[in-house]
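Engineer: Dropping the structure in here first, questions after.
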Amino acid sequence: MNDDRPEPSDDNTATATAGTPTAPGNGADGTREDGGPPRPAPASRPAEPLVLEHRVLKSLLGAWALAACAPEETAAVEEHLGDCGACADEALRLRDAVGLLQRPESLDLNPGLRTRVLESCLKRRPPRIPVPDWAAAYDAETARLDALLQDFGDTEWHAPVRLRWYEADEATTRRTTVAGVIAHLLTVDGLVAVALGLDDPLGGLPAERPTPAARTEAYWSASPSPPTRSVRAPWRAQTHDLVRTVSFTGSRAGRMAVPYGDFELPLHDAMLDRAFECWVHAEDIAEAVDYPYDPPTGRHLHRMVDLAARMLPSVLEARRRSGPDAPGGRRLVAAGAPGRSLRLEIEGSGGGEWLIPLDSPAARGSAEHEVAHIALDGSEFCRLAAGHVPPREAAAGQVGDKEAISEVLLAAASLSRM
């Protein structure tokens with residue numbers, strides 16, 4: 001009988017001699033053909049590591065941080081980082097930057113971050129010339145607004161903004177631009193600058209009256225064209241000058257008067273007033289360019305609320321003298337004596353309670369003589385005092401004398417001005 005099977009090849013013979021028979025159905029390369037198990041693939045030899053120059057490895061750090069290097073390049077870079085401290089520091093910085101770029105949440109800084117960083121730094125190394133506590137809010141709010149402005153292009157600087165305030169118990173508005181708002185802050189901050197002996201941003205421009213509105217109108221009218229981004233530099237320089245000057249004068253100057261035309265404020269209150277207006281107008285600007293903007297830190301917001309609460313008795317008295325009737329049952333109260341009072345409760349960040357005397361600015365708020373109680377969120381109360389919230393819609397909770405409540409809410413709104 002003929003045997004047609006092929007003679008085994010030398011390779012097969014060598015394999016058999018080595019004691020590793022060829023599995024049925026395997027080809028010469030070990031692939032499976034007839035259902036038999038595949039031959040084990042020969043072990044690959046380890047790849048030789050790349051040997052690259054320092055400049056090449058340094059140029060690969062960015063790609064390495066983004067995980068975009070080939071495996072051989074990654075191995076070479078990581079081996080190099082163990083020997084080169086400068087490249088290791090740069091690689092760490094780049095990897096941290098990549099982490100920021102990949103964060104799903106907003107990259108906007110928390111408004112309290114600057115305060116926390118400054119407090120941490122000042123604990124380690126106190127400043128030789130500290131900023132007075134009553135000027136800290138102005139320092140923080142001008143820095144926050146400047147950070148918002150730094151990346152604005154021409155379109156944002158000319159975005160329309162509508163300034164809002166209450167006048168004669170009626171909502172009033174004035175149209176301007178982002179640059180016009182900064183010009184407004186520049187001219188009104190100039191009232192504090194003049195009181196401190198600094199240059200007046202109006203220069204020799206005549207204003208009809210030494211009030212914030214008249215000074216602003218004079219500046220706008222004297223400009224050959226609408227204000228542009230160029231107004232940012234003098235505004236920011238003036239804010240730095242104000243903070244530096246009050247820091248050198250210290251608490252001694254806190255009681256000096258700053259005239260506003262129709263009234264005046266002590267310097268420490270004027271700096272809080274300017275911080276408050278800076279925040280309010282920063283919100284106006286952020287709304288105009290559709291950008292989020294957070295309220296001040298709780299500590300600074302509390303001071304702003306306190307300033308408005310302390311001003312309310314005088315505003316109530318001025319309103320009575322100019323026409324509106326006093327809340328029912330008003331009686332004369334001797335200076336320092338307790339009188340009918342409204343409890344103002346501020347909730348949330350910057351919260352607290354204030355007893356507002358209703359019958360006389362010289363009277364003392366008294367819990368025993370409390371006739372009404374209103375509760376508002378801190379930011380909501382400040383927006384009411386800025387003329388951005390209708391008085392009759394402001395209070396979240398109201399208990400007691402309705403007429404007294406209405407009068408106080410209207411008085412809070414009348415604190416606002418352009």
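Ordering of the structure tokens sets the chain letters (A, B, ...); residue numbers start at 1 within each chain; ligands are numbered from 1 in the order shown.
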I want to know what sits within 12 Å of Val77 of chain A, based on only C-alpha atoms, with residues of the same chain fewer than 2 positions away left out; could you give that as a PyMOL selection string?

Structural biologist: chain A and resi 49-65+67+69-75+79-84+87-88+91

Engineer: DSSP on the backbone, helix (DSSP H, G or I) only: what residues of segment 55-272 of chain A does that give? Format it as a PyMOL selection string.

Structural biologist: chain A and resi 55-59+61-65+71-81+85-101+113-124+133-149+154-157+178-195+212-222+229-253+267-272

Engineer: Please indicate the distance in Å from atom CA of Arg255 of chain A to atom CA of Asp269 of chain A, rounded to one decimal place.

Structural biologist: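 Going from atom CA of Arg255 of chain A over to atom CA of Asp269 of chain A, I get 8.7 Å.
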
Engineer: Check the smallest atom-to-atom distance from each of A:Pro234, A:Pro206, A:Pro227, A:Gly339 to Asp146 of chain A using only C-alpha atoms, then report the winner.

Structural biologist: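 Comparing A:Pro234, A:Pro206, A:Pro227, A:Gly339 against Asp146 of chain A, the winner is A:Pro234.
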
Engineer: If you take only C-alpha atoms and a cut-off of 12 Å, which residues of segment 227-258 of chain A touch segment 157-163 of chain A, and what are their nearest atom pairs and distances in Å to one decimal, in chain and number order, as a Markdown table?

Structural biologist:
| residue | atom | partner | partner_atom | distance |
| --- | --- | --- | --- | --- |
| A:Pro227 | CA | A:His158 | CA | 8.4 |
| A:Thr228 | CA | A:Trp157 | CA | 6.5 |
| A:Arg229 | CA | A:Trp157 | CA | 6.1 |
| A:Ser230 | CA | A:Trp157 | CA | 9.9 |
| A:Val231 | CA | A:Trp157 | CA | 10.1 |
| A:Arg232 | CA | A:Trp157 | CA | 10.0 |

Engineer: I need the residues from that last selection saved to file as a compact mmCIF listing (two decimals), in the first residue's frame (with N, CA, C and O atoms), if you can.

Structural biologist:
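Result written to result29.txt:
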# COMPACT_ATOMS: atom_id res chain seq x y z
N PRO A 227 -16.61 107.11 26.91
CA PRO A 227 -15.41 106.54 27.54
C PRO A 227 -15.07 105.17 26.96
O PRO A 227 -15.95 104.41 26.55
N THR A 228 -13.78 104.90 26.90
CA THR A 228 -13.30 103.62 26.37
C THR A 228 -12.48 102.91 27.43
O THR A 228 -12.43 103.34 28.59
N ARG A 229 -11.83 101.82 27.01
CA ARG A 229 -11.02 101.05 27.94
C ARG A 229 -9.92 101.87 28.60
O ARG A 229 -9.37 101.48 29.63
N SER A 230 -9.57 103.02 28.02
CA SER A 230 -8.50 103.84 28.58
C SER A 230 -8.84 104.36 29.97
O SER A 230 -7.95 104.79 30.71
N VAL A 231 -10.11 104.32 30.37
CA VAL A 231 -10.49 104.83 31.69
C VAL A 231 -10.09 103.85 32.79
O VAL A 231 -10.01 104.23 33.97
N ARG A 232 -9.81 102.62 32.42
CA ARG A 232 -9.47 101.62 33.45
C ARG A 232 -8.19 101.99 34.18
O ARG A 232 -8.11 101.87 35.42

Engineer: Could you state the separation of atom CA of Thr142 of chain A and atom CA of Ala385 of chain A in Å, given to one decimal place?

Structural biologist: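 Going from atom CA of Thr142 of chain A over to atom CA of Ala385 of chain A, I get 19.6 Å.
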
Engineer: Would you mind reading off the distance between atom CA of Met418 of chain A and atom CA of Ala375 of chain A, one decimal, in Å?

Structural biologist: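 Spanning atom CA of Met418 of chain A to atom CA of Ala375 of chain A is a straight-line distance of 26.2 Å.
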
Engineer: For Val280 of chain A, which residue out of A:Gly85, A:Pro361, A:Gly387, A:Pro338 is the nearest one, using only C-alpha atoms?

Structural biologist: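 The shortest atom-to-atom distance to Val280 of chain A comes from A:Gly387.
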
Engineer: Give me the residues within 8 Å of Ile374 of chain A as a VMD selection string, counting only C-alpha atoms and dropping any in the same chain fewer than 3 places off.

Structural biologist: chain A and resid 342 to 345 395 to 399 405

Engineer: Let's see if you can do this: from backbone DSSP, list all strand (DSSP E) residues in segment 84-258 of chain A, as a ChimeraX atom specification.

Structural biologist: /A:160-167,170-177,257-258

Engineer: Output the selection as a short mmCIF file (atom, residue, chain, number, x, y, z; two decimals), in the first residue's frame - N, CA, C and O atoms for each residue.

Structural biologist:
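result_29.cif was written with the following content:
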data_model
loop_
_atom_site.label_atom_id
_atom_site.label_comp_id
_atom_site.auth_asym_id
_atom_site.auth_seq_id
_atom_site.Cartn_x
_atom_site.Cartn_y
_atom_site.Cartn_z
N PRO A 160 -23.86 97.98 26.59
CA PRO A 160 -24.77 98.91 27.31
C PRO A 160 -25.04 98.45 28.73
O PRO A 160 -25.24 97.26 28.99
N VAL A 161 -25.03 99.39 29.66
CA VAL A 161 -25.33 99.14 31.07
C VAL A 161 -26.38 100.17 31.50
O VAL A 161 -26.29 101.34 31.14
N ARG A 162 -27.36 99.72 32.26
CA ARG A 162 -28.38 100.65 32.76
C ARG A 162 -28.20 100.79 34.26
O ARG A 162 -28.42 99.84 35.02
N LEU A 163 -27.79 101.98 34.70
CA LEU A 163 -27.67 102.28 36.12
C LEU A 163 -29.07 102.46 36.70
O LEU A 163 -29.93 103.09 36.08
N ARG A 164 -29.29 101.93 37.90
CA ARG A 164 -30.63 101.97 38.51
C ARG A 164 -30.53 102.50 39.93
O ARG A 164 -29.61 102.14 40.68
N TRP A 165 -31.48 103.35 40.30
CA TRP A 165 -31.57 103.82 41.67
C TRP A 165 -32.98 104.34 41.90
O TRP A 165 -33.80 104.40 40.97
N TYR A 166 -33.30 104.72 43.16
CA TYR A 166 -34.62 105.26 43.51
C TYR A 166 -34.50 106.74 43.81
O TYR A 166 -33.56 107.17 44.50
N GLU A 167 -35.43 107.50 43.28
CA GLU A 167 -35.45 108.94 43.51
C GLU A 167 -36.90 109.36 43.68
O GLU A 167 -37.74 109.07 42.81
N GLU A 170 -39.42 106.63 43.35
CA GLU A 170 -39.68 106.10 42.01
C GLU A 170 -38.38 105.51 41.45
O GLU A 170 -37.30 106.09 41.62
N ALA A 171 -38.50 104.38 40.77
CA ALA A 171 -37.34 103.76 40.14
C ALA A 171 -36.84 104.66 39.00
O ALA A 171 -37.62 105.12 38.17
N THR A 172 -35.54 104.91 38.98
CA THR A 172 -34.92 105.79 37.99
C THR A 172 -33.76 105.04 37.34
O THR A 172 -33.10 104.22 37.99
N THR A 173 -33.54 105.30 36.06
CA THR A 173 -32.45 104.62 35.35
C THR A 173 -31.67 105.63 34.52
O THR A 173 -32.16 106.71 34.19
N ARG A 174 -30.46 105.25 34.17
CA ARG A 174 -29.60 106.06 33.30
C ARG A 174 -28.77 105.11 32.47
O ARG A 174 -28.11 104.22 32.99
N ARG A 175 -28.80 105.28 31.16
CA ARG A 175 -28.10 104.38 30.26
C ARG A 175 -26.67 104.84 30.05
O ARG A 175 -26.40 106.01 29.82
N THR A 176 -25.73 103.90 30.12
CA THR A 176 -24.34 104.18 29.82
C THR A 176 -23.69 102.90 29.28
O THR A 176 -24.40 102.01 28.80
N THR A 177 -22.38 102.80 29.36
CA THR A 177 -21.65 101.62 28.91
C THR A 177 -20.77 101.12 30.05
O THR A 177 -20.68 101.74 31.11
N ALA A 257 -14.13 114.08 57.69
CA ALA A 257 -15.36 114.13 56.90
C ALA A 257 -15.05 114.10 55.40
O ALA A 257 -14.09 114.72 54.94
N VAL A 258 -15.87 113.36 54.67
CA VAL A 258 -15.81 113.32 53.21
C VAL A 258 -17.12 113.90 52.69
O VAL A 258 -18.18 113.28 52.81
#

Engineer: From the list A:Ser360, A:Thr245, A:Thr239, A:Thr155, which residue is nearest Tyr138 of chain A when using only C-alpha atoms?

Structural biologist: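 That would be A:Thr239, the residue with the smallest distance to Tyr138 of chain A.
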